[in-house]
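Shown here: final_26.pdb, PDB, N, CA and C atoms.
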```pdb
ATOM      1  N   PHE A   1      96.091  14.809   6.236  1.00  0.00           N
ATOM      2  CA  PHE A   1      95.012  13.966   5.819  1.00  0.00           C
ATOM      3  C   PHE A   1      94.774  14.224   4.339  1.00  0.00           C
ATOM      4  N   LEU A   2      94.961  13.201   3.515  1.00  0.00           N
ATOM      5  CA  LEU A   2      94.711  13.279   2.083  1.00  0.00           C
ATOM      6  C   LEU A   2      93.472  12.471   1.774  1.00  0.00           C
ATOM      7  N   ASN A   3      92.478  13.098   1.205  1.00  0.00           N
ATOM      8  CA  ASN A   3      91.290  12.370   0.781  1.00  0.00           C
ATOM      9  C   ASN A   3      91.569  11.834  -0.612  1.00  0.00           C
ATOM     10  N   ASP A   4      92.001  10.590  -0.646  1.00  0.00           N
ATOM     11  CA  ASP A   4      92.345   9.933  -1.900  1.00  0.00           C
ATOM     12  C   ASP A   4      91.185   9.071  -2.396  1.00  0.00           C
ATOM     13  N   GLY A   5      89.989   9.317  -1.871  1.00  0.00           N
ATOM     14  CA  GLY A   5      88.819   8.530  -2.238  1.00  0.00           C
ATOM     15  C   GLY A   5      87.986   9.203  -3.309  1.00  0.00           C
ATOM     16  N   GLU A   6      86.782   8.695  -3.451  1.00  0.00           N
ATOM     17  CA  GLU A   6      85.859   9.224  -4.453  1.00  0.00           C
ATOM     18  C   GLU A   6      84.757  10.074  -3.839  1.00  0.00           C
ATOM     19  N   ASP A   7      84.665  10.089  -2.496  1.00  0.00           N
ATOM     20  CA  ASP A   7      83.610  10.809  -1.787  1.00  0.00           C
ATOM     21  C   ASP A   7      84.231  11.768  -0.782  1.00  0.00           C
ATOM     22  N   PRO A   8      83.466  12.760  -0.326  1.00  0.00           N
ATOM     23  CA  PRO A   8      83.956  13.631   0.741  1.00  0.00           C
ATOM     24  C   PRO A   8      84.194  12.818   2.021  1.00  0.00           C
ATOM     25  N   HIS A   9      85.183  13.223   2.813  1.00  0.00           N
ATOM     26  CA  HIS A   9      85.492  12.599   4.102  1.00  0.00           C
ATOM     27  C   HIS A   9      85.996  13.668   5.053  1.00  0.00           C
ATOM     28  N   ASP A  10      85.922  13.372   6.346  1.00  0.00           N
ATOM     29  CA  ASP A  10      86.580  14.194   7.347  1.00  0.00           C
ATOM     30  C   ASP A  10      87.426  13.259   8.204  1.00  0.00           C
ATOM     31  N   LEU A  11      88.093  13.802   9.195  1.00  0.00           N
ATOM     32  CA  LEU A  11      88.927  12.981  10.074  1.00  0.00           C
ATOM     33  C   LEU A  11      88.728  13.447  11.498  1.00  0.00           C
ATOM     34  N   ARG A  12      88.436  12.517  12.391  1.00  0.00           N
ATOM     35  CA  ARG A  12      88.318  12.785  13.823  1.00  0.00           C
ATOM     36  C   ARG A  12      89.349  11.917  14.540  1.00  0.00           C
ATOM     37  N   LEU A  13      89.882  12.451  15.649  1.00  0.00           N
ATOM     38  CA  LEU A  13      90.887  11.750  16.429  1.00  0.00           C
ATOM     39  C   LEU A  13      90.593  11.997  17.894  1.00  0.00           C
ATOM     40  N   GLN A  14      90.613  10.913  18.700  1.00  0.00           N
ATOM     41  CA  GLN A  14      90.411  11.059  20.144  1.00  0.00           C
ATOM     42  C   GLN A  14      91.216   9.981  20.862  1.00  0.00           C
ATOM     43  N   ARG A  15      91.851  10.391  21.949  1.00  0.00           N
ATOM     44  CA  ARG A  15      92.624   9.444  22.762  1.00  0.00           C
ATOM     45  C   ARG A  15      91.666   8.479  23.443  1.00  0.00           C
ATOM     46  N   ASN A  16      92.008   7.191  23.411  1.00  0.00           N
ATOM     47  CA  ASN A  16      91.204   6.196  24.122  1.00  0.00           C
ATOM     48  C   ASN A  16      91.250   6.510  25.607  1.00  0.00           C
ATOM     49  N   GLY A  17      90.122   6.466  26.247  1.00  0.00           N
ATOM     50  CA  GLY A  17      90.031   6.806  27.654  1.00  0.00           C
ATOM     51  C   GLY A  17      89.576   8.233  27.881  1.00  0.00           C
ATOM     52  N   GLY A  18      89.380   8.983  26.818  1.00  0.00           N
ATOM     53  CA  GLY A  18      88.867  10.338  26.961  1.00  0.00           C
ATOM     54  C   GLY A  18      89.831  11.387  26.470  1.00  0.00           C
ATOM     55  N   GLY A  19      89.387  12.587  26.551  1.00  0.00           N
ATOM     56  CA  GLY A  19      90.164  13.718  26.063  1.00  0.00           C
ATOM     57  C   GLY A  19      89.409  14.419  24.961  1.00  0.00           C
ATOM     58  N   PRO A  20      89.949  15.528  24.502  1.00  0.00           N
ATOM     59  CA  PRO A  20      89.242  16.296  23.480  1.00  0.00           C
ATOM     60  C   PRO A  20      89.193  15.545  22.151  1.00  0.00           C
ATOM     61  N   GLU A  21      88.121  15.760  21.424  1.00  0.00           N
ATOM     62  CA  GLU A  21      88.006  15.226  20.063  1.00  0.00           C
ATOM     63  C   GLU A  21      88.559  16.274  19.117  1.00  0.00           C
ATOM     64  N   LEU A  22      89.563  15.893  18.360  1.00  0.00           N
ATOM     65  CA  LEU A  22      90.197  16.798  17.403  1.00  0.00           C
ATOM     66  C   LEU A  22      89.817  16.361  16.003  1.00  0.00           C
ATOM     67  N   GLY A  23      90.000  17.232  15.043  1.00  0.00           N
ATOM     68  CA  GLY A  23      89.670  16.793  13.709  1.00  0.00           C
ATOM     69  C   GLY A  23      89.918  17.805  12.622  1.00  0.00           C
ATOM     70  N   ILE A  24      89.691  17.316  11.424  1.00  0.00           N
ATOM     71  CA  ILE A  24      89.779  18.094  10.199  1.00  0.00           C
ATOM     72  C   ILE A  24      88.396  18.050   9.577  1.00  0.00           C
ATOM     73  N   GLY A  25      87.913  19.171   9.128  1.00  0.00           N
ATOM     74  CA  GLY A  25      86.600  19.242   8.510  1.00  0.00           C
ATOM     75  C   GLY A  25      86.521  18.482   7.196  1.00  0.00           C
ATOM     76  N   GLU A  26      85.362  18.480   6.637  1.00  0.00           N
ATOM     77  CA  GLU A  26      85.087  17.722   5.416  1.00  0.00           C
ATOM     78  C   GLU A  26      85.968  18.184   4.259  1.00  0.00           C
ATOM     79  N   LEU A  27      86.571  17.200   3.589  1.00  0.00           N
ATOM     80  CA  LEU A  27      87.412  17.468   2.430  1.00  0.00           C
ATOM     81  C   LEU A  27      86.849  16.757   1.213  1.00  0.00           C
ATOM     82  N   GLU A  28      86.872  17.429   0.101  1.00  0.00           N
ATOM     83  CA  GLU A  28      86.462  16.822  -1.158  1.00  0.00           C
ATOM     84  C   GLU A  28      87.582  15.917  -1.686  1.00  0.00           C
ATOM     85  N   PRO A  29      87.265  14.961  -2.540  1.00  0.00           N
ATOM     86  CA  PRO A  29      88.286  14.077  -3.104  1.00  0.00           C
ATOM     87  C   PRO A  29      89.443  14.872  -3.719  1.00  0.00           C
ATOM     88  N   GLY A  30      90.660  14.397  -3.456  1.00  0.00           N
ATOM     89  CA  GLY A  30      91.861  15.026  -3.990  1.00  0.00           C
ATOM     90  C   GLY A  30      92.411  16.158  -3.146  1.00  0.00           C
ATOM     91  N   ASN A  31      91.704  16.571  -2.109  1.00  0.00           N
ATOM     92  CA  ASN A  31      92.176  17.652  -1.247  1.00  0.00           C
ATOM     93  C   ASN A  31      92.858  17.097  -0.003  1.00  0.00           C
ATOM     94  N   TYR A  32      93.652  17.937   0.652  1.00  0.00           N
ATOM     95  CA  TYR A  32      94.325  17.516   1.879  1.00  0.00           C
ATOM     96  C   TYR A  32      94.392  18.666   2.869  1.00  0.00           C
ATOM     97  N   ALA A  33      94.614  18.295   4.128  1.00  0.00           N
ATOM     98  CA  ALA A  33      94.775  19.271   5.203  1.00  0.00           C
ATOM     99  C   ALA A  33      95.673  18.661   6.271  1.00  0.00           C
ATOM    100  N   ASN A  34      96.311  19.504   7.053  1.00  0.00           N
ATOM    101  CA  ASN A  34      97.181  19.062   8.145  1.00  0.00           C
ATOM    102  C   ASN A  34      96.511  19.311   9.481  1.00  0.00           C
ATOM    103  N   LEU A  35      96.806  18.430  10.436  1.00  0.00           N
ATOM    104  CA  LEU A  35      96.349  18.579  11.815  1.00  0.00           C
ATOM    105  C   LEU A  35      97.570  18.393  12.697  1.00  0.00           C
ATOM    106  N   ASP A  36      97.991  19.442  13.377  1.00  0.00           N
ATOM    107  CA  ASP A  36      99.152  19.360  14.261  1.00  0.00           C
ATOM    108  C   ASP A  36      98.685  18.996  15.656  1.00  0.00           C
ATOM    109  N   VAL A  37      99.128  17.845  16.143  1.00  0.00           N
ATOM    110  CA  VAL A  37      98.777  17.390  17.481  1.00  0.00           C
ATOM    111  C   VAL A  37     100.006  16.829  18.163  1.00  0.00           C
ATOM    112  N   ARG A  38      99.995  16.838  19.478  1.00  0.00           N
ATOM    113  CA  ARG A  38     101.043  16.207  20.272  1.00  0.00           C
ATOM    114  C   ARG A  38     100.432  14.960  20.883  1.00  0.00           C
ATOM    115  N   LEU A  39     100.958  13.787  20.495  1.00  0.00           N
ATOM    116  CA  LEU A  39     100.429  12.518  20.982  1.00  0.00           C
ATOM    117  C   LEU A  39     101.218  12.064  22.196  1.00  0.00           C
ATOM    118  N   LYS A  40     100.531  11.457  23.150  1.00  0.00           N
ATOM    119  CA  LYS A  40     101.188  10.959  24.361  1.00  0.00           C
ATOM    120  C   LYS A  40     101.773   9.579  24.093  1.00  0.00           C
ATOM    121  N   ARG A  41     102.963   9.359  24.602  1.00  0.00           N
ATOM    122  CA  ARG A  41     103.602   8.042  24.476  1.00  0.00           C
ATOM    123  C   ARG A  41     102.808   6.996  25.234  1.00  0.00           C
ATOM    124  N   ALA A  42     102.912   5.779  24.753  1.00  0.00           N
ATOM    125  CA  ALA A  42     102.234   4.628  25.370  1.00  0.00           C
ATOM    126  C   ALA A  42     100.729   4.862  25.469  1.00  0.00           C
ATOM    127  N   SER A  43     100.156   5.446  24.430  1.00  0.00           N
ATOM    128  CA  SER A  43      98.721   5.697  24.375  1.00  0.00           C
ATOM    129  C   SER A  43      98.170   5.146  23.070  1.00  0.00           C
ATOM    130  N   SER A  44      96.856   5.081  23.000  1.00  0.00           N
ATOM    131  CA  SER A  44      96.219   4.718  21.734  1.00  0.00           C
ATOM    132  C   SER A  44      95.107   5.711  21.445  1.00  0.00           C
ATOM    133  N   TYR A  45      94.820   5.868  20.183  1.00  0.00           N
ATOM    134  CA  TYR A  45      93.862   6.853  19.709  1.00  0.00           C
ATOM    135  C   TYR A  45      92.931   6.208  18.696  1.00  0.00           C
ATOM    136  N   GLN A  46      91.708   6.683  18.678  1.00  0.00           N
ATOM    137  CA  GLN A  46      90.750   6.261  17.659  1.00  0.00           C
ATOM    138  C   GLN A  46      90.718   7.338  16.580  1.00  0.00           C
ATOM    139  N   LEU A  47      90.718   6.915  15.334  1.00  0.00           N
ATOM    140  CA  LEU A  47      90.558   7.803  14.189  1.00  0.00           C
ATOM    141  C   LEU A  47      89.343   7.328  13.422  1.00  0.00           C
ATOM    142  N   TRP A  48      88.537   8.255  12.904  1.00  0.00           N
ATOM    143  CA  TRP A  48      87.362   7.854  12.141  1.00  0.00           C
ATOM    144  C   TRP A  48      86.858   9.004  11.283  1.00  0.00           C
ATOM    145  N   CYS A  49      86.037   8.638  10.313  1.00  0.00           N
ATOM    146  CA  CYS A  49      85.311   9.612   9.504  1.00  0.00           C
ATOM    147  C   CYS A  49      83.938   9.766  10.130  1.00  0.00           C
ATOM    148  N   SER A  50      83.549  10.997  10.435  1.00  0.00           N
ATOM    149  CA  SER A  50      82.287  11.217  11.143  1.00  0.00           C
ATOM    150  C   SER A  50      81.106  11.525  10.215  1.00  0.00           C
ATOM    151  N   LEU A  51      81.314  11.472   8.912  1.00  0.00           N
ATOM    152  CA  LEU A  51      80.194  11.702   8.005  1.00  0.00           C
ATOM    153  C   LEU A  51      79.198  10.548   8.134  1.00  0.00           C
ATOM    154  N   PRO A  52      77.920  10.798   7.862  1.00  0.00           N
ATOM    155  CA  PRO A  52      76.890   9.769   8.072  1.00  0.00           C
ATOM    156  C   PRO A  52      77.224   8.422   7.411  1.00  0.00           C
ATOM    157  N   ASN A  53      77.157   7.375   8.231  1.00  0.00           N
ATOM    158  CA  ASN A  53      77.365   5.976   7.832  1.00  0.00           C
ATOM    159  C   ASN A  53      78.799   5.609   7.461  1.00  0.00           C
ATOM    160  N   HIS A  54      79.731   6.540   7.488  1.00  0.00           N
ATOM    161  CA  HIS A  54      81.100   6.214   7.088  1.00  0.00           C
ATOM    162  C   HIS A  54      81.796   5.335   8.124  1.00  0.00           C
ATOM    163  N   ARG A  55      81.676   5.676   9.396  1.00  0.00           N
ATOM    164  CA  ARG A  55      82.327   4.866  10.428  1.00  0.00           C
ATOM    165  C   ARG A  55      81.728   3.461  10.449  1.00  0.00           C
ATOM    166  N   GLU A  56      80.417   3.376  10.282  1.00  0.00           N
ATOM    167  CA  GLU A  56      79.744   2.074  10.270  1.00  0.00           C
ATOM    168  C   GLU A  56      80.191   1.229   9.076  1.00  0.00           C
ATOM    169  N   ARG A  57      80.681   1.873   8.042  1.00  0.00           N
ATOM    170  CA  ARG A  57      81.178   1.155   6.854  1.00  0.00           C
ATOM    171  C   ARG A  57      82.657   0.823   6.961  1.00  0.00           C
ATOM    172  N   GLY A  58      83.243   1.043   8.127  1.00  0.00           N
ATOM    173  CA  GLY A  58      84.623   0.638   8.360  1.00  0.00           C
ATOM    174  C   GLY A  58      85.661   1.730   8.272  1.00  0.00           C
ATOM    175  N   MET A  59      85.260   2.967   8.174  1.00  0.00           N
ATOM    176  CA  MET A  59      86.226   4.059   8.072  1.00  0.00           C
ATOM    177  C   MET A  59      86.640   4.504   9.463  1.00  0.00           C
ATOM    178  N   GLU A  60      87.416   3.631  10.110  1.00  0.00           N
ATOM    179  CA  GLU A  60      87.944   3.891  11.443  1.00  0.00           C
ATOM    180  C   GLU A  60      89.234   3.104  11.606  1.00  0.00           C
ATOM    181  N   ALA A  61      90.050   3.545  12.538  1.00  0.00           N
ATOM    182  CA  ALA A  61      91.328   2.875  12.795  1.00  0.00           C
ATOM    183  C   ALA A  61      91.764   3.185  14.216  1.00  0.00           C
ATOM    184  N   THR A  62      92.683   2.381  14.723  1.00  0.00           N
ATOM    185  CA  THR A  62      93.323   2.618  16.009  1.00  0.00           C
ATOM    186  C   THR A  62      94.781   2.954  15.748  1.00  0.00           C
ATOM    187  N   LEU A  63      95.250   4.026  16.356  1.00  0.00           N
ATOM    188  CA  LEU A  63      96.643   4.445  16.266  1.00  0.00           C
ATOM    189  C   LEU A  63      97.281   4.216  17.622  1.00  0.00           C
ATOM    190  N   ARG A  64      98.329   3.427  17.666  1.00  0.00           N
ATOM    191  CA  ARG A  64      99.040   3.159  18.921  1.00  0.00           C
ATOM    192  C   ARG A  64     100.383   3.871  18.901  1.00  0.00           C
ATOM    193  N   VAL A  65     100.653   4.617  19.968  1.00  0.00           N
ATOM    194  CA  VAL A  65     101.911   5.336  20.111  1.00  0.00           C
ATOM    195  C   VAL A  65     102.744   4.575  21.131  1.00  0.00           C
ATOM    196  N   ALA A  66     103.895   4.078  20.699  1.00  0.00           N
ATOM    197  CA  ALA A  66     104.747   3.256  21.568  1.00  0.00           C
ATOM    198  C   ALA A  66     105.755   4.130  22.317  1.00  0.00           C
ATOM    199  N   LYS A  67     106.256   3.576  23.406  1.00  0.00           N
ATOM    200  CA  LYS A  67     107.357   4.218  24.114  1.00  0.00           C
ATOM    201  C   LYS A  67     108.585   4.152  23.241  1.00  0.00           C
ATOM    202  N   ARG A  68     109.425   5.150  23.347  1.00  0.00           N
ATOM    203  CA  ARG A  68     110.660   5.189  22.571  1.00  0.00           C
ATOM    204  C   ARG A  68     111.609   4.099  23.046  1.00  0.00           C
ATOM    205  N   ARG A  69     112.126   3.334  22.103  1.00  0.00           N
ATOM    206  CA  ARG A  69     113.124   2.310  22.436  1.00  0.00           C
ATOM    207  C   ARG A  69     114.485   2.936  22.497  1.00  0.00           C
ATOM    208  N   ARG A  70     115.287   2.458  23.421  1.00  0.00           N
ATOM    209  CA  ARG A  70     116.652   2.999  23.552  1.00  0.00           C
ATOM    210  C   ARG A  70     117.653   1.992  23.090  1.00  0.00           C
TER     211      ARG A  70
END
```
Conversion result in structure tokens:
Amino acid sequence: FLNDGEDPHDLRLQRNGGGPELGIGELEPGNYANLDVRLKRASSYQLWCSLPNHRERGMEATLRVAKRRR
């Protein structure tokens, strides 16, 4: 996670349908951190910034993990 913005941000990740909420703590602009996770195939995950009002301002995304094509 690279905070390439002008404000502090964090990153939260959770599998749709439940599961643990994982994340990276607050990072200042220009800083980065890694989060090692194992994602399940054919699943989707929500990613968002949990700082006040950030998610409401559109700082969220859906990550879809597809089955491997042969």
Checklist line | Interatomic distance, atom N of Val37 (chain A) to atom C of Glu21 (chain A) (Å, one decimal) | finding: 11.1 Å
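Note that CA of Gly19 (chain A) and atom N of Asn31 (chain A) are 28.4 Å apart.
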Next item on the list: Kindly give the distance, in Å, that separates atom N of Pro8 (chain A) and CA of Glu28 (chain A), rounded to a single decimal.
Entry: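 Computing it gives 5.1 Å between the two atoms.
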Note to self: I need the output of the PyMOL selection byres ((chain A and resi 48) around 5) for this file as a list in words; which residues are they?
What the structure shows: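 Evaluating the PyMOL selection byres ((chain A and resi 48) around 5) on these coordinates yields Leu11, Arg12, Gln46, Leu47, Cys49, Ser50, Met59, Glu60 and Ala61 of chain A.
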Next item on the list: Assign secondary structure with DSSP using the backbone only, and return the residues of chain A in strand (DSSP E) as a PyMOL selection string.
Entry: chain A and resi 9-15+22-27+43-48+60-65
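Closest approach to Gly23 (chain A) from the set A:Phe1, A:Arg68, A:Ser43, A:Asn53 is made by A:Phe1, with distances taken over only C-alpha atoms.
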Checklist line | Output of the PyMOL selection byres ((chain A and resi 40) around 8), listed as a ChimeraX atom specification | finding: /A:37-39,41-44,64-67
Note to self: Give me the residues near Pro29 (chain A) as a list in words, where near means some atom within 5 Å (using all atoms listed in the file) and where sequence neighbours in that chain fewer than 4 positions away do not count.
What the structure shows: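 Returned residues: Asn3, Gly5, Asp7 and Pro8 of chain A.
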Notebook entry, point to check: So, counting only C-alpha atoms, which residue among A:Arg15, A:His9, A:Arg70, A:Arg57 is closest to Ala33 (chain A)?
Noted result: A:His9
Note to self: So, with only C-alpha atoms as the atoms that count, which of A:Gly25, A:Arg69, A:Gly58, A:Pro20 lies closest to Tyr45 (chain A)?
What the structure shows: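 Counting only C-alpha atoms, the residue closest to Tyr45 (chain A) is A:Pro20.
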